[in-house]
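Asks: Just dropping this structure here.
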Amino acid sequence: MLKEMKLLKLYIVTLVLTTLSFSSKSQIIGAGASAIYNFQSESFGAGVRVSIFPNKRLSFTPQFSYFFPFNKVNEYTIGLGIEGKIIKRKKVNIYALIHGGYNAWLNYKLSGMKDAKATNWNLEGGIGISTNTCLRPFLEYRYNVKFLETHLDLGFIYIFGCKNKYLDDTRCPSFN
């Protein structure tokens with residue numbers, strides 16, 4: 001348990017330092033939340049994230065998600081995602097994503113899985129769609145390569161300092 005706590009603290013410190021290193025005045029920052037549904041475990045969760053946009057095509061997203069105790073799987077994950085815009089339009093973006101994270105499976109002892117552990121890692125790939133508004137709804141489909149499971153994230157990101165309906169280079173000091 002002590003090793004797990006040290007690993008979690010190291011991961012949190014790394015996320016904070018990464019967030020701070022990417023947050024200069026030339027970048028755009030947003031924060032938001034999401035509802036999550038995991039198809040394989042039939043579990044509902046919630047997530048929070050920060051989005052850091054260093055340029056027009058890329059964003060970094062430190063994230064935390066939690067699946068509630070009433071689910072078959074009660075767990076939390078803290079990680080870092082990288083999103084790259086594949087299709088960038090004036091009002092909508094489609095992006096590919098990769099997300100790595102530390103996973104704490106809180107009720108792993110109740111699992112019938114062989115070699116179930118409390119401390120795990122996650123690696124996910126996926127695709128998402130979002131708007132370019134100040135309050136950006138998004139929908140993501142993700143696949144976890146370690147546990148061979150899929151989930152949907154439906155949420156929003158609010159872009160700080162945004163005052164325009166649609167963000168573009170001519171009306172708002174944004175890279176999006």
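By convention in this document, the chains of the structure tokens carry letters A, B, ... by their order, each chain's residues are numbered from 1, and ligands are numbered from 1 in the order they are shown.
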Determine, counting only C-alpha atoms, which protein, DNA and RNA residues have an atom within 7 Å of an atom of A:Phe67; residues of the same chain fewer than 4 positions away are not included. Present the result as a VMD selection string.
Replies: chain A and resid 43 to 46 73 to 76
Asks: Go through stretch 38-121 of chain A and flag each residue having an atom no more than 7 Å from stretch 127-147 of chain A; for those, report the closest pair of atoms plus their distance in Å to one decimal, using only C-alpha atoms, ordered by chain and rising number, as a Markdown table.
Replies:
```
| residue | atom | partner | partner_atom | distance |
| --- | --- | --- | --- | --- |
| A:Lys91 | CA | A:Asn132 | CA | 5.1 |
| A:Val92 | CA | A:Thr131 | CA | 4.3 |
| A:Asn93 | CA | A:Ser130 | CA | 5.4 |
| A:Ile94 | CA | A:Ile129 | CA | 4.5 |
| A:Tyr95 | CA | A:Gly128 | CA | 5.2 |
| A:Ala96 | CA | A:Ile127 | CA | 4.5 |
| A:Leu97 | CA | A:Ile127 | CA | 5.8 |
```
Asks: Rank A:Val50, A:Ala118, A:Ile86, A:Ala35 by their smallest atom-to-atom distance to A:Ile159, using only C-alpha atoms, and report the top residue only.
Replies: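 Closest residue, counting only C-alpha atoms: A:Val50.
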Asks: Between A:Lys163, A:Gly81, A:Gly126, A:Gly101, which is the closest to A:His151 once you count only C-alpha atoms?
Replies: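 Smallest distance to A:His151 is found for A:Gly126.
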Asks: Enumerate, as an NGL selection string, the complete set of residues in stretch 35-102 of chain A that a backbone-based DSSP assignment places in strand (DSSP E).
Replies: :A and (35-38 or 43-53 or 58-67 or 75-88 or 92-102)
Asks: Among stretch 21-126 of chain A, which residues does DSSP mark as helix (DSSP H, G or I) when it is run on the backbone? Keep the chain and numbering as in the structure and answer as number ranges by chain.
Replies: A: 21-22, 108-110
Asks: Would you save the residues of that selection, restricted to N, CA and C atoms, as a compact mmCIF listing (two decimals), in the first residue's frame?
Replies:
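So part_23.txt came out as:
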```txt
# COMPACT_ATOMS: atom_id res chain seq x y z
N SER A 21 3.98 23.53 -16.94
CA SER A 21 4.97 23.78 -17.98
C SER A 21 4.33 24.14 -19.32
N PHE A 22 3.11 23.68 -19.55
CA PHE A 22 2.43 23.99 -20.79
C PHE A 22 1.52 25.21 -20.69
N TYR A 108 -11.25 -4.87 -6.44
CA TYR A 108 -10.67 -5.94 -7.25
C TYR A 108 -10.83 -7.32 -6.60
N LYS A 109 -10.94 -7.38 -5.28
CA LYS A 109 -11.08 -8.67 -4.59
C LYS A 109 -12.40 -9.36 -4.93
N LEU A 110 -13.39 -8.59 -5.35
CA LEU A 110 -14.69 -9.15 -5.72
C LEU A 110 -14.70 -9.69 -7.15
```
Asks: Could you tell me how far atom CA of A:Val48 sits from atom CA of A:Tyr158, in Å to one decimal place?
Replies: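 Separating atom CA of A:Tyr158 from atom CA of A:Val48 is a distance of 11.6 Å.
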Asks: What is the distance, in Å and to one decimal place, between atom CA of A:Arg49 and atom CA of A:Ser34?
Replies: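 Separation of atom CA of A:Arg49 and atom CA of A:Ser34: 8.4 Å.
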Asks: When you look at A:Gly100 with a cut-off of 7 Å (counting only C-alpha atoms), what residues show up, excluding the ones that are within fewer than 6 positions of it in the same chain? I need them as a list of chain:residue names.
Replies: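 Listed by chain and then number, they are A:Gly79, A:Leu80, A:Gly81, A:Asn122, A:Leu123, A:Glu124.
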Asks: Include N, CA, C and O atoms and write out the residues we just selected as a JSON list (two decimals), in the first residue's frame.
Replies:
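Output (result_34.json):
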```
[["chain", "number", "residue", "atom", "x", "y", "z"],
["A", 79, "GLY", "N", -4.60, 10.31, -15.17],
["A", 79, "GLY", "CA", -3.70, 10.15, -16.30],
["A", 79, "GLY", "C", -3.55, 11.40, -17.13],
["A", 79, "GLY", "O", -4.06, 12.47, -16.80],
["A", 80, "LEU", "N", -2.86, 11.23, -18.25],
["A", 80, "LEU", "CA", -2.59, 12.32, -19.18],
["A", 80, "LEU", "C", -2.95, 11.86, -20.58],
["A", 80, "LEU", "O", -2.48, 10.81, -21.04],
["A", 81, "GLY", "N", -3.78, 12.65, -21.25],
["A", 81, "GLY", "CA", -4.14, 12.37, -22.63],
["A", 81, "GLY", "C", -3.48, 13.36, -23.57],
["A", 81, "GLY", "O", -3.17, 14.49, -23.19],
["A", 122, "ASN", "N", -3.23, 1.99, -17.32],
["A", 122, "ASN", "CA", -4.16, 2.01, -18.45],
["A", 122, "ASN", "C", -3.47, 2.62, -19.65],
["A", 122, "ASN", "O", -2.68, 3.56, -19.51],
["A", 123, "LEU", "N", -3.80, 2.14, -20.82],
["A", 123, "LEU", "CA", -3.40, 2.77, -22.06],
["A", 123, "LEU", "C", -4.61, 2.69, -22.98],
["A", 123, "LEU", "O", -5.11, 1.60, -23.26],
["A", 124, "GLU", "N", -5.09, 3.86, -23.40],
["A", 124, "GLU", "CA", -6.28, 3.94, -24.23],
["A", 124, "GLU", "C", -5.99, 4.71, -25.51],
["A", 124, "GLU", "O", -5.19, 5.64, -25.51]]
```
Asks: Separation of atom CA of A:Phe64 and atom CA of A:Lys85, in Å?
Replies: 21.8 Å
Asks: Which is closest to A:Leu106 among A:Thr61, A:Pro69, A:Arg89, A:Ile78, if we use only C-alpha atoms?
Replies: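 Closest candidate: A:Pro69.
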